[in-house]
Amino acid sequence: MASVTTPQKTASGFKISRRWLPYVLSLPALLVCIGILVPFFTAVVYSFQRYRLSQPWARQFNWGENYLNFLYDPAFWNTLKISLIYAGVTVVLELALGLGIALLLQKRTRINNFVSIMLLMPLMTAPALAALMWKLMTNPGFGILSYLASLVGLQNFRWASSPDTALLTVVLVDIWVYTPFIMILLLAGLRSLPTQPFEAAALDGVPRSFVFFRITLPMLTPYILTATLFRLLDSIQQFDIIYAMTQGGPGNTLTVFQVEAYLNFFQSTNVGRSAALMIILWAITYILSNIFIKNWLRLRERARGEA
Amino acid sequence: MESTSLLERILRGVALVLVVVFFMFPILWIVLMSFQTNETILSVPPSVIFSPTLENYQALITGKLTTAAGTLDIAFMRNLGNSVFLSTASVLIALLLGVPAAYAFARHKFRGSEDIAFTLLSFRFAPPLLVLLPLSLYFQKLGLSDTYFGLIWVYQLICLPLILWIVRGYFEDISADVEYAYRIAGHSWFATFRKIALPLAGPGIAAAGLLAFIFAWNNFVFALVLASADKQPVTVGALAFVTASGIQYGQIAAAIVLSIAPVLALAIYAQRYLVEGLSLGAVKG
Amino acid sequence: MKSLELKNIVKRYKTHTVLDNLSLTVAEGERLVLFGSSGAGKTVLLRMIAGVIEPDEGAILIGGQDMRDVEAEDRGIGMAFQNFALFPHMSAYDNIASPLTVGKSSTSSIADGVGKVARLLKIDHVLSHHPKALSNGQKQRTALARALAGSPPLLLLDDPLRNVDAKLRFEMRLELPRLLAAQGATVVYVTQDYKEAMALGDRIAVMANGTIRQIGTPEVIYNAPADIEIARLFGDPTINLLDVTPKSGPDGIYVELSDVQIPLPGMPVSVVGKPCVLGLRPEAVTFTTVPGSIPVTVEAETPLNEKTVTLVLTARKREILVSRPAGTPGPASGAATIAVDGSAAFLFDKTTGARIESMAEYRTNGEAA
């Protein structure tokens, strides 16, 4: 027996006990992330302090004061309101559009596949750069959209520079960037549905509206839920598009959570308030992400099962 | 559906055209603009017929912009270089750290492994400024505030969870028996990892790496908070460029084109994996 | 070749106990078949021996040496998997060569080793193919060749014929004993097929619910099954099982079938009046014309290759299978009579399922113990 090996001497060089191996493998990744967890706890501490970068000597714990102040702070309520409106409006519109486009592209024809690949381009454009593109397009001097608006009688339509239309403009950019995300998720979902129920319904002459509401939609629900939660989580934290477009302006029209926190920190150097804002946003996303992860796991389990 | 009426087919066609116009037009318009002089851009009504010029790109690439008021330095190429370096280095490090961890999570269900994996995933969903603002103070103290190292470290927040969760799925898809067979044949776990697990998960690792690259490239807020002018990537650089050059619209358009082109090319190239990557493996493309 | 010893192995997954205090010894050069239905714990046990799963309790000794801290790659084992587990990105040649590439072997000695085992398994013409391009049978042979290539002193075969078609399985069943004998290794062979177990095993260990129910030579398992379950698993057609209550007569213990007395020689008196199950192999039942036999009605007849199986019903509608060599004359349809060889019958305790030993057996076993 040529290959009888004794356990003491071995040809394999790398020797780590099998009990420790997984820890050794994941430790470097964990160490890098722990460095990132520290500032999280720092942020919690800051949120309970009066802390202005401009007045470091006055720094002291004021416990819940930053949070309590929010109750009587119209700027905070404005932030909460505008964040919720932004998230709600973008997600609803993107969901409706994304579902519509996915249904439009459902059949696997060459042109449909081509269009669905083309639609990846807005999604892969950096949101901050997308905002700049739209800023150029809405420029009052030469912007093509301003020109088109004037053609339909909207002279002097000021897009993001006017408090009345700033929200509309950034929502439009958000829709441009993120509708394809919902579209490709739902398209993958639609194409993975079993075909038998649809064939049976077609044979029986069931009306198409009935098929859509009673078969397609229920079967697509897990995908819709995952896509919606995913977008909701991102959208309530939107920063790039709004900051690149208007820096939260005009005035405080678009001071959503992250923009407000950024301005608090760097312009008014109010670290305490900024941290408290972020903690509140974190609490909201934490709840949302827990719901999301449950759904996502179920869907992932299913996708793995099919593979 | 054989019963589609002519009217329906026309409506579908119109809808499809509208979709393509809405999503493609901005990119097309910016590309056209990048080949125009400022005079053409400012002419009203806008026209699609013009004689294209390369001077915007020329100005960006040489870094010198000659205007009536004199020459202006443009740091845009440096931003582009920063983007390439930051994204590449971040992805390579994330792969180096994330692939072994993904393997550990996929193959060895050790105590607390799921909790750790979920903690990493939750980074993906936490508001970035929550961590970034205190971190900017720390970075000043540690002397990391103006370094590539600091930025690359923070970019792991984007790259690591993505790579960990996508690659883990690919490792889980490899039959454990195949790896057992190689070990029993007399090879160490490391040889097994290198010769069996890595090649079989290869496409997934490549896809996750590409996607992480795209997300790192597109990131804005991390560099906005932490990077000084000479370390800024294109996303932040382009915004600064707009503020600085003000009315050089042709160059701004060209800068945007140069900034998004590499990523769009990668995305088209890797489109097969995008669906799976974007949903962290929840939906197969 | 090396001996294998398992001592009090316990393995639990959460609350479910997969292996329950299992002990087993395999002698050097012995071919042991682990037989049992799926979920009995055979595969887990095999992986534990290979070193890719750790036992919760107990010890594994290979060649007398404790394997507690010995990694899978250092155990000197060859293993073939039920699902083949070929490396999909390597050619058949590289698959088979994988046990030979450990350490510093020369390319030519590897080529010699692969060539030898490939010729033995008749796959030398497909060595350049990747697994995807191999037929199922070729995959199975490649997997086997890979397990054999390193001439391991201990060979673990996890139901290697499970996923191949019937014809191939038949061929391999004939070929494997010769191959394994030539290998000169200690073999643990897992299967769910009793014919395979009978054909390949020096001994058979019957597993159920994480324990070994019975271990012995194929003859012992067939002729002296430990309980009803094992008697039912071995034998085709399956054993006839009839509820009976033994009685005592002047000529010893007997049971009654359709009022005909069947003597059970050598049975202890303690079985009298106890609810029992009579186990009758179909070949222990014969058609006869001798008066005083059991009257039955012939229900159906199934000719198999080497035998003919007849289903008959007794007066009380109890089903009995009768087997006779093919070509021998059988009964016409309708009424017939059968005789039962009481000395070849088993008697099982109805409540525990255990076989009741004859007094002769009891005596020898008692002495042995």
# chains A, B, ... in the order shown; residues from 1 in each chain; ligands from 1

call {"tool": "residues_around", "arguments": {"residues": "Gly334 (chain C)", "least_positions_apart": "2", "cutoff": "12 Å", "atoms": "only C-alpha atoms", "output": "list in words"}}
result
Pro295, Val296, Thr297, Val298, Glu299, Ala300, Glu301, Thr310, Leu311, Val312, Leu313, Thr314, Gly330, Pro331, Ala332, Ala336 and Thr337 of chain C

call {"tool": "closest_atom_pairs", "arguments": {"of": "chain B", "to": "chain C", "cutoff": "9 Å", "atoms": "only C-alpha atoms", "output": "CSV"}}
result
residue,atom,partner,partner_atom,distance
B:Ser175,CA,C:Ala85,CA,7.6
B:Ala176,CA,C:Ala85,CA,8.6
B:Asp177,CA,C:Ala85,CA,5.6
B:Val178,CA,C:Ala85,CA,4.6
B:Glu179,CA,C:Ala85,CA,8.2
B:Tyr180,CA,C:Val52,CA,6.6
B:Ala181,CA,C:Ala85,CA,6.7
B:Tyr182,CA,C:Ser98,CA,7.1
B:Arg183,CA,C:Glu73,CA,5.1
B:Ile184,CA,C:Glu73,CA,4.9
B:Ala185,CA,C:Pro99,CA,4.4
B:Gly186,CA,C:Glu73,CA,3.8
B:His187,CA,C:Glu73,CA,5.4
B:Ser188,CA,C:Glu73,CA,6.2
B:Trp189,CA,C:Glu73,CA,8.5
B:Ile196,CA,C:Phe87,CA,7.3
B:Pro199,CA,C:His89,CA,7.7
B:Leu200,CA,C:His89,CA,7.2

call {"tool": "select_by_dssp", "arguments": {"residues": "region 3-103 of chain B", "states": "strand (DSSP E or B)", "output": "PyMOL selection string"}}
result
chain B and resi 64-67+70-73

call {"tool": "residues_around", "arguments": {"residues": "Val167 (chain B)", "least_positions_apart": "4", "cutoff": "6 Å", "atoms": "only C-alpha atoms", "output": "number ranges by chain"}}
result
B: 163, 204-205

call {"tool": "write_last_selection", "arguments": {"atoms": "N, CA and C atoms", "output": "short mmCIF file (atom, residue, chain, number, x, y, z; two decimals), in the first residue's frame"}}
result
data_model
loop_
_atom_site.label_atom_id
_atom_site.label_comp_id
_atom_site.auth_asym_id
_atom_site.auth_seq_id
_atom_site.Cartn_x
_atom_site.Cartn_y
_atom_site.Cartn_z
N ILE B 163 -20.12 41.26 -1.93
CA ILE B 163 -19.31 40.11 -2.31
C ILE B 163 -19.60 38.92 -1.40
N GLY B 204 -19.25 33.43 -10.36
CA GLY B 204 -19.94 34.20 -9.32
C GLY B 204 -19.01 35.23 -8.71
N ILE B 205 -17.76 34.85 -8.50
CA ILE B 205 -16.81 35.79 -7.91
C ILE B 205 -16.55 36.94 -8.87
#

call {"tool": "atom_distance", "arguments": {"atom1": "CA of Thr255 (chain A)", "atom2": "CA of Gln238 (chain A)"}}
result
10.4 Å
